[in-house]
>>> print(open('data_25.cif').read())   # mmCIF, C-alpha atoms
data_upload
loop_
_atom_site.label_atom_id
_atom_site.label_comp_id
_atom_site.auth_asym_id
_atom_site.auth_seq_id
_atom_site.Cartn_x
_atom_site.Cartn_y
_atom_site.Cartn_z
CA MET W 1 0.00 0.00 0.00
CA SER W 2 1.38 3.37 -0.91
CA THR W 3 1.37 6.14 1.64
CA THR W 4 1.13 9.82 0.78
CA PRO W 5 3.57 12.15 2.51
CA ILE W 6 0.73 13.73 4.51
CA ASP W 7 -0.41 10.34 5.77
CA ALA W 8 3.13 9.48 6.60
CA VAL W 9 3.52 12.66 8.62
CA SER W 10 0.28 12.26 10.49
CA LEU W 11 0.98 8.62 11.29
CA ALA W 12 4.54 9.17 12.42
CA GLY W 13 5.08 8.32 16.00
CA LEU W 14 1.64 6.87 16.60
CA ASN W 15 2.94 3.38 17.16
CA ALA W 16 6.39 4.33 18.32
CA ASP W 17 7.59 3.43 21.80
CA PRO W 18 7.96 6.83 23.52
CA MET W 19 10.96 5.52 25.46
CA LEU W 20 12.80 4.35 22.36
CA PRO W 21 15.05 6.91 20.68
CA ARG W 22 14.94 6.99 16.90
CA PRO W 23 18.19 7.62 15.03
CA TYR W 24 18.49 11.02 13.36
CA ARG W 25 21.35 12.40 11.35
CA VAL W 26 22.77 15.89 11.67
CA GLN W 27 22.19 17.79 8.44
CA ARG W 28 23.61 21.07 9.61
CA LEU W 29 24.84 22.78 12.76
CA ARG W 30 24.98 26.55 12.87
CA LYS W 31 26.05 28.93 15.59
CA GLU W 32 23.35 31.41 16.55
CA THR W 33 24.94 33.36 19.41
CA PRO W 34 28.10 32.86 21.51
CA ASP W 35 26.41 30.11 23.58
CA THR W 36 23.58 28.94 21.32
CA PHE W 37 23.50 26.73 18.24
CA THR W 38 20.89 25.18 15.99
CA LEU W 39 20.81 21.57 14.82
CA ASP W 40 18.96 20.56 11.66
CA LEU W 41 18.18 16.83 11.79
CA GLU W 42 16.79 14.27 9.37
CA PRO W 43 15.69 10.69 10.05
CA SER W 44 18.55 8.20 9.56
CA SER W 45 16.26 5.59 8.10
CA ALA W 46 13.43 5.92 5.64
CA ALA W 47 11.14 6.61 8.56
CA ALA W 48 8.40 9.18 8.14
CA ALA W 49 8.94 12.78 9.15
CA MET W 50 8.00 13.69 12.69
CA ALA W 51 4.83 15.79 12.80
CA PHE W 52 4.76 18.13 15.75
CA ALA W 53 2.68 20.93 17.21
CA PRO W 54 4.24 24.35 17.91
CA GLY W 55 5.54 24.34 21.46
CA GLN W 56 6.28 20.62 21.73
CA PHE W 57 9.70 19.29 22.63
CA ASN W 58 11.93 16.28 21.94
CA MET W 59 14.41 14.39 24.07
CA LEU W 60 17.74 14.54 22.25
CA TYR W 61 20.15 11.73 23.06
CA ALA W 62 23.85 12.41 22.60
CA PHE W 63 25.24 8.89 22.66
CA GLY W 64 27.53 8.36 25.60
CA ALA W 65 26.55 11.64 27.24
CA GLY W 66 22.83 11.40 27.90
CA GLU W 67 19.49 12.95 27.05
CA ALA W 68 18.24 16.52 27.24
CA PRO W 69 14.80 17.99 26.56
CA VAL W 70 14.90 20.54 23.76
CA SER W 71 11.99 22.47 22.25
CA ILE W 72 11.37 22.09 18.56
CA SER W 73 12.09 25.39 16.89
CA GLY W 74 11.44 24.62 13.22
CA ASP W 75 8.45 25.09 10.99
CA PRO W 76 5.61 22.65 11.77
CA ALA W 77 4.60 22.79 8.09
CA HIS W 78 7.99 21.33 7.13
CA PRO W 79 8.57 18.52 9.58
CA ALA W 80 10.96 16.63 7.31
CA THR W 81 13.78 18.62 8.88
CA LEU W 82 13.71 18.64 12.63
CA VAL W 83 15.14 21.89 13.98
CA HIS W 84 16.35 22.44 17.54
CA THR W 85 18.04 25.51 18.94
CA ILE W 86 20.12 24.62 21.96
CA ARG W 87 21.96 26.55 24.61
CA GLU W 88 25.19 24.95 25.74
CA VAL W 89 24.79 24.63 29.49
CA GLY W 90 25.90 21.12 30.49
CA ALA W 91 27.48 17.83 29.46
CA VAL W 92 24.69 16.72 27.10
CA THR W 93 24.29 20.02 25.30
CA ARG W 94 28.09 20.28 25.08
CA ALA W 95 28.15 16.83 23.43
CA LEU W 96 25.37 17.91 21.06
CA HIS W 97 27.44 20.94 20.13
CA GLN W 98 30.35 18.62 19.21
CA LEU W 99 28.27 16.81 16.59
CA LYS W 100 29.15 17.27 12.94
CA PRO W 101 27.04 16.83 9.78
CA SER W 102 26.22 13.13 9.17
CA HIS W 103 26.73 12.27 12.84
CA THR W 104 23.88 10.39 14.50
CA LEU W 105 21.93 11.11 17.65
CA GLY W 106 18.77 9.68 19.21
CA VAL W 107 15.44 11.49 19.23
CA ARG W 108 12.37 10.72 21.33
CA GLY W 109 9.24 12.72 20.84
CA PRO W 110 7.45 14.93 20.14
CA PHE W 111 6.14 15.40 23.67
CA GLY W 112 3.87 17.76 25.53
CA VAL W 113 1.11 20.26 25.00
CA GLY W 114 1.89 23.11 22.63
CA TRP W 115 0.81 26.70 22.00
CA PRO W 116 -2.91 27.50 21.53
CA VAL W 117 -2.57 28.47 17.86
CA ALA W 118 -6.03 27.12 17.02
CA GLU W 119 -7.74 28.84 19.98
CA ALA W 120 -6.06 32.13 19.04
CA ARG W 121 -7.72 32.31 15.62
CA GLY W 122 -9.62 35.56 15.23
CA ALA W 123 -7.74 37.22 18.08
CA ASP W 124 -4.65 39.40 18.25
CA VAL W 125 -1.56 37.37 19.05
CA VAL W 126 1.16 38.75 21.32
CA ILE W 127 4.32 36.70 21.56
CA VAL W 128 6.72 37.68 24.33
CA ALA W 129 10.06 35.91 24.31
CA GLY W 130 13.11 36.24 26.50
CA GLY W 131 16.55 34.93 25.54
CA ILE W 132 16.42 31.44 24.10
CA GLY W 133 12.68 31.46 24.85
CA LEU W 134 12.25 32.63 21.27
CA ALA W 135 13.12 29.13 20.04
CA PRO W 136 9.97 27.34 21.34
CA LEU W 137 7.84 30.25 20.15
CA ARG W 138 9.19 30.31 16.61
CA PRO W 139 7.03 27.37 15.42
CA ALA W 140 3.95 29.20 16.73
CA LEU W 141 4.94 32.30 14.82
CA TYR W 142 5.57 30.25 11.66
CA HIS W 143 2.12 28.74 12.05
CA VAL W 144 0.41 32.10 12.61
CA LEU W 145 2.21 33.71 9.67
CA ALA W 146 1.33 30.79 7.41
CA ALA W 147 -2.34 31.40 8.18
CA ARG W 148 -1.98 35.14 8.64
CA LYS W 149 -5.53 36.06 7.61
CA GLN W 150 -6.99 33.96 10.41
CA TYR W 151 -5.45 36.17 13.09
CA GLY W 152 -5.78 39.80 14.12
CA LYS W 153 -2.70 41.86 14.89
CA VAL W 154 0.43 39.85 15.49
CA VAL W 155 3.11 41.28 17.77
CA LEU W 156 6.49 39.82 18.69
CA LEU W 157 8.27 41.34 21.68
CA TYR W 158 11.73 39.95 22.24
CA GLY W 159 14.21 40.73 24.99
CA THR W 160 17.69 39.39 25.45
CA ARG W 161 20.99 40.21 27.15
CA THR W 162 22.99 42.08 24.53
CA PRO W 163 22.84 42.65 20.76
CA ALA W 164 25.26 39.73 20.34
CA ASP W 165 22.74 37.42 22.03
CA ILE W 166 19.89 38.10 19.62
CA LEU W 167 18.63 34.79 18.31
CA TYR W 168 17.61 34.31 14.65
CA LEU W 169 18.88 37.81 13.81
CA ARG W 170 18.38 37.56 10.05
CA GLU W 171 14.88 36.15 10.45
CA LEU W 172 13.97 38.87 12.96
CA GLN W 173 15.09 41.45 10.42
CA GLN W 174 12.87 39.80 7.77
CA TRP W 175 9.92 39.69 10.15
CA HIS W 176 10.55 43.31 11.09
CA SER W 177 10.18 44.34 7.45
CA ARG W 178 6.72 42.77 7.13
CA PHE W 179 3.69 45.04 7.18
CA ASP W 180 1.51 42.47 8.92
CA LEU W 181 3.76 41.77 11.86
CA GLU W 182 4.95 44.10 14.61
CA VAL W 183 8.40 43.21 15.92
CA HIS W 184 10.13 44.94 18.82
CA VAL W 185 13.48 43.87 20.20
CA THR W 186 15.16 45.13 23.35
CA VAL W 187 18.41 44.28 25.10
CA ASP W 188 19.45 44.62 28.72
CA ARG W 189 22.87 46.02 27.91
CA ALA W 190 24.25 47.63 24.79
CA PRO W 191 27.37 49.30 23.52
CA GLY W 192 27.15 52.81 22.08
CA GLU W 193 26.72 51.68 18.48
CA TRP W 194 23.41 49.88 19.19
CA HIS W 195 20.49 51.98 17.98
CA GLY W 196 17.66 49.77 19.21
CA ASN W 197 15.80 49.58 22.50
CA VAL W 198 17.61 49.11 25.79
CA GLY W 199 15.62 47.94 28.78
CA VAL W 200 13.60 44.98 29.93
CA VAL W 201 11.11 43.30 27.62
CA THR W 202 8.15 44.30 29.79
CA LYS W 203 8.80 47.94 28.85
CA LEU W 204 7.65 47.09 25.33
CA ILE W 205 4.19 46.00 26.49
CA PRO W 206 2.47 49.32 27.32
CA ARG W 207 2.81 50.68 23.78
CA ALA W 208 2.54 47.44 21.78
CA PRO W 209 -0.36 47.66 19.31
CA PHE W 210 -2.92 45.03 20.30
CA ASP W 211 -6.45 44.95 21.64
CA PRO W 212 -6.20 43.56 25.19
CA GLN W 213 -9.83 42.46 25.14
CA SER W 214 -9.17 40.20 22.19
CA THR W 215 -5.62 39.01 22.65
CA VAL W 216 -3.96 35.67 23.18
CA ALA W 217 -0.49 36.09 24.67
CA MET W 218 2.21 33.42 24.46
CA LEU W 219 5.21 33.80 26.75
CA CYS W 220 8.47 31.93 26.98
CA GLY W 221 11.61 32.86 28.82
CA PRO W 222 13.03 32.80 32.32
CA GLU W 223 10.30 32.35 34.91
CA VAL W 224 11.03 35.72 36.52
CA MET W 225 10.66 37.42 33.16
CA MET W 226 7.33 35.69 32.56
CA ARG W 227 6.03 36.73 35.99
CA PHE W 228 6.80 40.39 35.29
CA THR W 229 5.39 40.08 31.78
CA VAL W 230 2.11 38.64 33.04
CA GLN W 231 1.74 41.59 35.43
CA ASP W 232 2.16 44.07 32.60
CA LEU W 233 -0.18 42.18 30.28
CA GLU W 234 -2.82 42.11 33.01
CA ARG W 235 -2.28 45.82 33.58
CA ARG W 236 -3.02 46.33 29.87
CA GLY W 237 -6.22 44.33 30.33
CA VAL W 238 -5.35 40.92 28.92
CA ALA W 239 -7.39 38.24 30.71
CA ARG W 240 -5.51 35.56 32.63
CA GLU W 241 -7.16 32.79 30.67
CA ASN W 242 -5.72 34.27 27.48
CA ILE W 243 -2.14 34.21 28.68
CA TYR W 244 -0.06 31.07 28.05
CA LEU W 245 3.37 30.26 29.47
CA SER W 246 5.90 27.63 28.56
CA MET W 247 7.44 26.17 31.69
CA GLU W 248 10.79 24.52 32.12
CA ARG W 249 11.74 21.87 34.65
CA ASN W 250 14.09 18.92 34.83
CA MET W 251 12.44 16.52 32.37
CA LYS W 252 13.76 12.98 32.15
CA CYS W 253 11.25 10.44 30.86
CA ALA W 254 9.07 13.03 29.07
CA VAL W 255 5.91 10.95 29.50
CA GLY W 256 5.00 11.58 33.13
CA PHE W 257 6.44 8.35 34.60
CA CYS W 258 9.50 9.45 36.48
CA GLY W 259 8.16 12.52 38.28
CA HIS W 260 11.30 14.61 37.81
CA CYS W 261 9.33 17.48 36.31
CA GLN W 262 6.39 17.28 38.70
CA TYR W 263 5.02 20.74 39.35
CA GLY W 264 2.37 20.56 42.04
CA PRO W 265 -0.31 18.24 40.67
CA THR W 266 0.97 18.49 37.11
CA PHE W 267 3.86 17.16 35.10
CA ILE W 268 5.55 19.73 32.91
CA CYS W 269 6.45 17.11 30.30
CA LYS W 270 2.99 15.67 29.90
CA ASP W 271 0.53 18.40 30.94
CA GLY W 272 2.75 21.19 29.57
CA PRO W 273 5.21 22.60 28.82
CA VAL W 274 2.62 25.19 27.71
CA PHE W 275 0.07 26.10 30.38
CA ARG W 276 -2.74 28.59 30.63
CA TYR W 277 -1.77 31.20 33.18
CA ASP W 278 -4.98 31.11 35.23
CA ARG W 279 -4.40 27.40 35.83
CA LEU W 280 -0.76 27.90 36.68
CA ALA W 281 -0.98 31.08 38.77
CA PRO W 282 -1.65 29.36 42.13
CA LEU W 283 1.40 27.15 41.60
CA LEU W 284 3.66 29.99 40.53
CA ALA W 285 2.97 31.62 43.87
CA VAL W 286 4.29 28.58 45.73
CA ARG W 287 8.04 28.61 46.29
CA GLU W 288 10.27 25.57 46.04
CA ILE W 289 8.16 23.45 43.76
CA MET J 1 -0.22 76.72 22.62
CA GLU J 2 -3.66 75.29 21.94
CA ASN J 3 -2.04 72.26 20.36
CA LEU J 4 0.33 71.84 23.29
CA GLU J 5 -2.56 72.05 25.70
CA ARG J 6 -4.45 69.33 23.84
CA ILE J 7 -1.40 67.04 23.85
CA LEU J 8 -0.78 67.55 27.54
CA VAL J 9 -4.41 67.12 28.53
CA GLU J 10 -4.66 63.86 26.59
CA HIS J 11 -1.39 62.44 27.86
CA PRO J 12 -1.82 59.70 30.52
CA PHE J 13 0.79 61.40 32.70
CA PHE J 14 -1.45 64.40 33.26
CA GLN J 15 -4.73 62.50 33.35
CA GLY J 16 -7.04 63.59 36.17
CA MET J 17 -5.11 66.78 36.90
CA LYS J 18 -7.18 69.81 37.89
CA ARG J 19 -7.73 72.43 35.21
CA GLU J 20 -5.94 75.15 37.21
CA HIS J 21 -2.86 72.96 37.58
CA LEU J 22 -2.92 71.96 33.94
CA ASP J 23 -3.00 75.61 32.96
CA LEU J 24 0.15 76.17 35.00
CA VAL J 25 1.81 73.19 33.33
CA VAL J 26 0.80 74.34 29.86
CA GLY J 27 2.23 77.76 30.66
CA CYS J 28 5.60 76.10 31.31
CA ALA J 29 5.59 73.97 28.12
CA ALA J 30 7.34 74.38 24.79
CA ASN J 31 7.84 72.24 21.70
CA VAL J 32 11.41 71.11 21.12
CA ARG J 33 13.22 68.88 18.64
CA PHE J 34 16.56 67.12 18.74
CA ASP J 35 18.50 65.72 15.81
CA ALA J 36 19.89 62.20 15.87
CA GLY J 37 22.99 62.16 18.04
CA GLN J 38 22.22 65.45 19.76
CA PHE J 39 22.57 65.55 23.54
CA ILE J 40 19.43 66.55 25.41
CA LEU J 41 20.93 66.38 28.89
CA ARG J 42 24.52 66.14 30.10
CA GLU J 43 25.53 64.53 33.36
CA GLY J 44 26.37 67.09 36.05
CA GLU J 45 24.62 70.00 34.37
CA GLU J 46 21.78 71.87 36.04
CA ALA J 47 18.46 70.03 35.79
CA ASN J 48 15.78 72.58 35.15
CA GLU J 49 13.33 70.80 32.87
CA PHE J 50 11.75 67.52 31.93
CA TYR J 51 10.48 66.20 28.62
CA LEU J 52 7.47 64.39 27.32
CA ILE J 53 8.69 62.48 24.27
CA ARG J 54 6.26 62.79 21.39
CA HIS J 55 8.20 61.02 18.68
CA GLY J 56 11.60 59.37 18.36
CA GLN J 57 13.92 57.62 20.76
CA VAL J 58 16.24 58.82 23.50
CA ALA J 59 19.13 56.87 25.03
CA LEU J 60 20.09 57.38 28.66
CA GLU J 61 23.83 56.95 28.82
CA VAL J 62 26.64 56.92 31.29
CA PHE J 63 30.19 57.51 30.19
CA ALA J 64 32.84 55.15 31.52
CA PRO J 65 36.56 55.69 30.92
CA GLU J 66 37.97 53.17 28.40
CA ARG J 67 34.47 51.87 27.69
CA GLY J 68 32.87 54.95 26.23
CA SER J 69 29.17 55.65 26.44
CA ILE J 70 27.04 52.82 27.80
CA THR J 71 23.33 52.92 27.13
CA ILE J 72 21.42 51.95 30.23
CA GLN J 73 17.92 52.53 28.93
CA THR J 74 16.05 53.90 25.98
CA LEU J 75 12.86 55.94 26.14
CA GLY J 76 10.32 56.30 23.37
CA GLU J 77 7.06 57.92 22.40
CA GLY J 78 4.85 58.89 25.31
CA GLU J 79 7.53 58.46 27.96
CA ILE J 80 8.81 61.03 30.41
CA LEU J 81 12.48 61.99 30.39
CA GLY J 82 14.10 63.54 33.45
CA TRP J 83 13.24 63.87 37.11
CA SER J 84 16.44 65.34 38.56
CA TRP J 85 14.81 68.78 38.33
CA LEU J 86 12.55 67.61 41.17
CA VAL J 87 15.18 66.45 43.64
CA PRO J 88 18.13 68.42 45.05
CA PRO J 89 20.84 69.10 44.00
CA TYR J 90 18.94 69.49 40.70
CA ARG J 91 21.74 68.07 38.53
CA TRP J 92 21.42 65.46 35.80
CA LYS J 93 22.74 62.05 36.80
CA PHE J 94 23.07 60.72 33.24
CA ASP J 95 23.48 61.87 29.68
CA ALA J 96 20.44 61.70 27.42
CA ARG J 97 21.00 61.63 23.66
CA ALA J 98 18.52 61.50 20.81
CA VAL J 99 19.05 58.21 18.97
CA GLU J 100 16.99 59.50 16.05
CA LEU J 101 15.15 62.71 15.27
CA THR J 102 13.15 63.28 18.44
CA ARG J 103 10.30 65.67 19.05
CA ALA J 104 9.24 66.42 22.59
CA ILE J 105 7.48 68.86 24.84
CA ALA J 106 9.89 70.50 27.25
CA LEU J 107 8.43 71.51 30.59
CA ASP J 108 10.12 74.12 32.70
CA GLY J 109 10.82 72.20 35.90
CA LYS J 110 12.41 75.12 37.66
CA CYS J 111 9.28 77.18 37.14
CA LEU J 112 7.03 74.31 38.28
CA ARG J 113 9.28 73.70 41.28
CA GLU J 114 8.91 77.30 42.36
CA LYS J 115 5.16 77.24 41.79
CA SER J 116 4.90 74.03 43.79
CA GLU J 117 6.56 75.71 46.77
CA ASN J 118 3.60 78.08 46.91
CA ASP J 119 0.97 75.58 45.85
CA CYS J 120 1.28 72.34 47.79
CA ALA J 121 -1.58 70.73 45.87
CA LEU J 122 0.27 71.23 42.59
CA GLY J 123 3.47 69.90 44.17
CA TYR J 124 1.65 66.83 45.45
CA GLU J 125 0.06 66.19 42.04
CA LEU J 126 3.43 66.37 40.33
CA LEU J 127 5.12 64.20 42.97
CA LYS J 128 2.39 61.56 42.72
CA ARG J 129 2.88 61.36 38.98
CA PHE J 130 6.65 61.35 39.08
CA SER J 131 6.66 58.74 41.87
CA GLN J 132 4.82 56.42 39.49
CA VAL J 133 7.39 57.03 36.75
CA MET J 134 10.25 56.51 39.23
CA VAL J 135 8.75 53.29 40.58
CA GLU J 136 8.37 51.89 37.07
CA HIS J 137 11.97 52.77 36.27
CA LEU J 138 13.20 51.35 39.57
CA GLN J 139 11.35 48.09 39.01
CA ALA J 140 12.66 47.83 35.47
CA ALA J 141 16.21 48.55 36.69
CA ARG J 142 15.93 45.82 39.35
CA PHE J 143 14.61 43.38 36.78
CA GLN J 144 17.52 44.32 34.52
CA LEU J 145 19.96 43.71 37.39
CA LEU J 146 18.65 40.18 37.82
CA ASN J 147 20.38 39.20 34.60
CA VAL J 148 17.58 36.71 34.06
CA TYR J 149 18.73 35.52 30.66
CA ASP J 150 21.98 34.23 32.12
CA ALA J 151 20.13 31.80 34.36
CA HIS J 152 17.74 30.49 31.72
#
>>> encode(input="data_25.cif", output="structure tokens")
Amino acid sequence: MSTTPIDAVSLAGLNADPMLPRPYRVQRLRKETPDTFTLDLEPSSAAAAMAFAPGQFNMLYAFGAGEAPVSISGDPAHPATLVHTIREVGAVTRALHQLKPSHTLGVRGPFGVGWPVAEARGADVVIVAGGIGLAPLRPALYHVLAARKQYGKVVLLYGTRTPADILYLRELQQWHSRFDLEVHVTVDRAPGEWHGNVGVVTKLIPRAPFDPQSTVAMLCGPEVMMRFTVQDLERRGVARENIYLSMERNMKCAVGFCGHCQYGPTFICKDGPVFRYDRLAPLLAVREI
Amino acid sequence: MENLERILVEHPFFQGMKREHLDLVVGCAANVRFDAGQFILREGEEANEFYLIRHGQVALEVFAPERGSITIQTLGEGEILGWSWLVPPYRWKFDARAVELTRAIALDGKCLREKSENDCALGYELLKRFSQVMVEHLQAARFQLLNVYDAH
């Protein structure tokens, strides 16, 4: 029986053992910022492409070093190439950084609940990203831009450390030149030659062009940044139930067995990583969970 | 002047201010423009005014030997620049430079300061409004100090 590519994509992973890594080959590795790189991966075998929803993540297995959860940062409409942007912070991500084109690694996934791109149809979309938090949000933006007419205003607010730490610089410049997308970038520190915004990302919220009564906000970045961002969005009038956050915890099994990423009554890996703020707010107020 | 009055009345910073106080403020206001690169304030100089930015972008800078000018914050449309006119010794603590062509309304802080000495209600109104601006800047500065992106 022949299988169309669409069928193949939609069926991928349905029968796969979630604990069994599938071999993928490195197509390309490119440096994004001084401590961040992007891996483009393709299946080693003739296996079908991995369909994924914006906001989902994979477990990447660097043989001999271990596994690390990494958000998928590519275009969900082109799942044949699996794209992950990774910050080098430990042994596994260091080993992933050492990979070269044609090298093999293991991939489990995709896992988790993604961004509410379907629920946001008809509304304004405000994407607030901090640092490498832009990577998990990029698939959502790809999706929204691919179906641009289905959404109201689309705003991307991005904050990072310095101009050298700006992720996807060329793509941000392309997005910035679009008439149907509002892009604002700010950095915490800048040398004299920087002509953009300096200050925290929340400072971009008061004047961002969106209708708070009809806005879905998607946030990803350090937890502290998201807390401040939520406050400013609420001050603008965005309802709690329309604010979504991507959470990060120590994920190991990725399917809710091991409990490493337990967050109160939820598991980040299985019930998240994307959560609606009104459901998460009581937990965010609890320290040490 | 009519145009200035309309802009000031509609600006959130002056929202809810009594007519008599607004008239005083309008009397101390003037339109100004700064070319890209032009300094608006210089550290150490007398602080006698504040600005409501109407268009453009302003960088707050501090000069460090061997490092040059470091931008600590940028301000844009609708934001208030300058509060050193309100607090002794009335000297600017930073440089402010127009990043691009910037249009603003300059308000004579020295004049308002003197009027506030004789009109406590006006002084209180101005202090309430500037306290809000200061708190927002302080919170943003603390957030910036956290270096949150390093930990992520």
>>> atom_distance(input="data_25.cif", atom1="atom CA of Thr74 of chain J", atom2="atom CA of Gly196 of chain W")
8.1 Å
>>> resolve_selection(input="data_25.cif", expression="the PyMOL selection byres ((chain J) within 7 of (chain W))", output="PyMOL selection string")
chain J and resi 69-74+99+140+144+148-149+152
>>> atom_distance(input="data_25.cif", atom1="atom CA of Ile268 of chain W", atom2="atom CA of Tyr142 of chain W")
23.7 Å
>>> residues_around(input="data_25.cif", residues="Cys269 of chain W", least_positions_apart="5", cutoff="9 Å", atoms="only C-alpha atoms", output="mmCIF file with C-alpha atoms, in the coordinates of the input")
data_model
loop_
_atom_site.group_PDB
_atom_site.id
_atom_site.type_symbol
_atom_site.label_atom_id
_atom_site.label_comp_id
_atom_site.auth_asym_id
_atom_site.auth_seq_id
_atom_site.Cartn_x
_atom_site.Cartn_y
_atom_site.Cartn_z
ATOM 1 C CA PHE W 57 9.700 19.290 22.630
ATOM 2 C CA PHE W 111 6.140 15.400 23.670
ATOM 3 C CA GLY W 112 3.870 17.760 25.530
ATOM 4 C CA VAL W 113 1.110 20.260 25.000
ATOM 5 C CA GLU W 248 10.790 24.520 32.120
ATOM 6 C CA ARG W 249 11.740 21.870 34.650
ATOM 7 C CA MET W 251 12.440 16.520 32.370
ATOM 8 C CA LYS W 252 13.760 12.980 32.150
ATOM 9 C CA CYS W 253 11.250 10.440 30.860
ATOM 10 C CA ALA W 254 9.070 13.030 29.070
ATOM 11 C CA VAL W 255 5.910 10.950 29.500
ATOM 12 C CA GLY W 256 5.000 11.580 33.130
ATOM 13 C CA CYS W 261 9.330 17.480 36.310
ATOM 14 C CA GLN W 262 6.390 17.280 38.700
#
>>> atom_distance(input="data_25.cif", atom1="atom CA of Asp35 of chain W", atom2="atom CA of Leu145 of chain J")
20.4 Å
>>> resolve_selection(input="data_25.cif", expression="the PyMOL selection byres ((chain J and resi 94) around 12)", output="ChimeraX atom specification")
/J:39-47,59-64,69-73,81-84,91-93,95-97
>>> closest_atom_pairs(input="data_25.cif", of="segment 183-250 of chain W", to="segment 169-175 of chain W", cutoff="12 Å", atoms="only C-alpha atoms", output="tab-separated table")
residue	atom	partner	partner_atom	distance
W:Val183	CA	W:Trp175	CA	6.9
W:His184	CA	W:Leu172	CA	9.3
W:Val185	CA	W:Leu172	CA	8.8
>>> residues_around(input="data_25.cif", residues="segment 27-34 of chain J", least_positions_apart="5", cutoff="12 Å", atoms="all atoms listed in the file", output="mmCIF file with C-alpha atoms, in the frame of the given file")
data_model
loop_
_atom_site.group_PDB
_atom_site.id
_atom_site.type_symbol
_atom_site.label_atom_id
_atom_site.label_comp_id
_atom_site.auth_asym_id
_atom_site.auth_seq_id
_atom_site.Cartn_x
_atom_site.Cartn_y
_atom_site.Cartn_z
ATOM 1 C CA MET J 1 -0.220 76.720 22.620
ATOM 2 C CA GLU J 2 -3.660 75.290 21.940
ATOM 3 C CA ASN J 3 -2.040 72.260 20.360
ATOM 4 C CA LEU J 4 0.330 71.840 23.290
ATOM 5 C CA GLU J 5 -2.560 72.050 25.700
ATOM 6 C CA ARG J 6 -4.450 69.330 23.840
ATOM 7 C CA ILE J 7 -1.400 67.040 23.850
ATOM 8 C CA LEU J 8 -0.780 67.550 27.540
ATOM 9 C CA GLU J 20 -5.940 75.150 37.210
ATOM 10 C CA HIS J 21 -2.860 72.960 37.580
ATOM 11 C CA LEU J 22 -2.920 71.960 33.940
ATOM 12 C CA PHE J 39 22.570 65.550 23.540
ATOM 13 C CA ILE J 40 19.430 66.550 25.410
ATOM 14 C CA LEU J 41 20.930 66.380 28.890
ATOM 15 C CA ASN J 48 15.780 72.580 35.150
ATOM 16 C CA GLU J 49 13.330 70.800 32.870
ATOM 17 C CA PHE J 50 11.750 67.520 31.930
ATOM 18 C CA TYR J 51 10.480 66.200 28.620
ATOM 19 C CA LEU J 52 7.470 64.390 27.320
ATOM 20 C CA ILE J 53 8.690 62.480 24.270
ATOM 21 C CA ARG J 54 6.260 62.790 21.390
ATOM 22 C CA HIS J 55 8.200 61.020 18.680
ATOM 23 C CA GLY J 56 11.600 59.370 18.360
ATOM 24 C CA GLN J 57 13.920 57.620 20.760
ATOM 25 C CA VAL J 58 16.240 58.820 23.500
ATOM 26 C CA ALA J 96 20.440 61.700 27.420
ATOM 27 C CA ARG J 97 21.000 61.630 23.660
ATOM 28 C CA ALA J 98 18.520 61.500 20.810
ATOM 29 C CA VAL J 99 19.050 58.210 18.970
ATOM 30 C CA GLU J 100 16.990 59.500 16.050
ATOM 31 C CA LEU J 101 15.150 62.710 15.270
ATOM 32 C CA THR J 102 13.150 63.280 18.440
ATOM 33 C CA ARG J 103 10.300 65.670 19.050
ATOM 34 C CA ALA J 104 9.240 66.420 22.590
ATOM 35 C CA ILE J 105 7.480 68.860 24.840
ATOM 36 C CA ALA J 106 9.890 70.500 27.250
ATOM 37 C CA LEU J 107 8.430 71.510 30.590
ATOM 38 C CA ASP J 108 10.120 74.120 32.700
ATOM 39 C CA GLY J 109 10.820 72.200 35.900
ATOM 40 C CA LYS J 110 12.410 75.120 37.660
ATOM 41 C CA CYS J 111 9.280 77.180 37.140
ATOM 42 C CA LEU J 112 7.030 74.310 38.280
ATOM 43 C CA ARG J 113 9.280 73.700 41.280
ATOM 44 C CA GLU J 114 8.910 77.300 42.360
ATOM 45 C CA LYS J 115 5.160 77.240 41.790
#
>>> resolve_selection(input="data_25.cif", expression="the PyMOL selection byres ((chain W and resi 119) around 12)", output="JSON list (two decimals) with C-alpha atoms, in the coordinates of the input")
[["chain", "number", "residue", "atom", "x", "y", "z"],
["W", 114, "GLY", "CA", 1.89, 23.11, 22.63],
["W", 115, "TRP", "CA", 0.81, 26.70, 22.00],
["W", 116, "PRO", "CA", -2.91, 27.50, 21.53],
["W", 117, "VAL", "CA", -2.57, 28.47, 17.86],
["W", 118, "ALA", "CA", -6.03, 27.12, 17.02],
["W", 120, "ALA", "CA", -6.06, 32.13, 19.04],
["W", 121, "ARG", "CA", -7.72, 32.31, 15.62],
["W", 122, "GLY", "CA", -9.62, 35.56, 15.23],
["W", 123, "ALA", "CA", -7.74, 37.22, 18.08],
["W", 124, "ASP", "CA", -4.65, 39.40, 18.25],
["W", 125, "VAL", "CA", -1.56, 37.37, 19.05],
["W", 144, "VAL", "CA", 0.41, 32.10, 12.61],
["W", 150, "GLN", "CA", -6.99, 33.96, 10.41],
["W", 151, "TYR", "CA", -5.45, 36.17, 13.09],
["W", 214, "SER", "CA", -9.17, 40.20, 22.19],
["W", 215, "THR", "CA", -5.62, 39.01, 22.65],
["W", 216, "VAL", "CA", -3.96, 35.67, 23.18],
["W", 217, "ALA", "CA", -0.49, 36.09, 24.67],
["W", 218, "MET", "CA", 2.21, 33.42, 24.46],
["W", 241, "GLU", "CA", -7.16, 32.79, 30.67],
["W", 242, "ASN", "CA", -5.72, 34.27, 27.48],
["W", 243, "ILE", "CA", -2.14, 34.21, 28.68],
["W", 244, "TYR", "CA", -0.06, 31.07, 28.05],
["W", 276, "ARG", "CA", -2.74, 28.59, 30.63]]
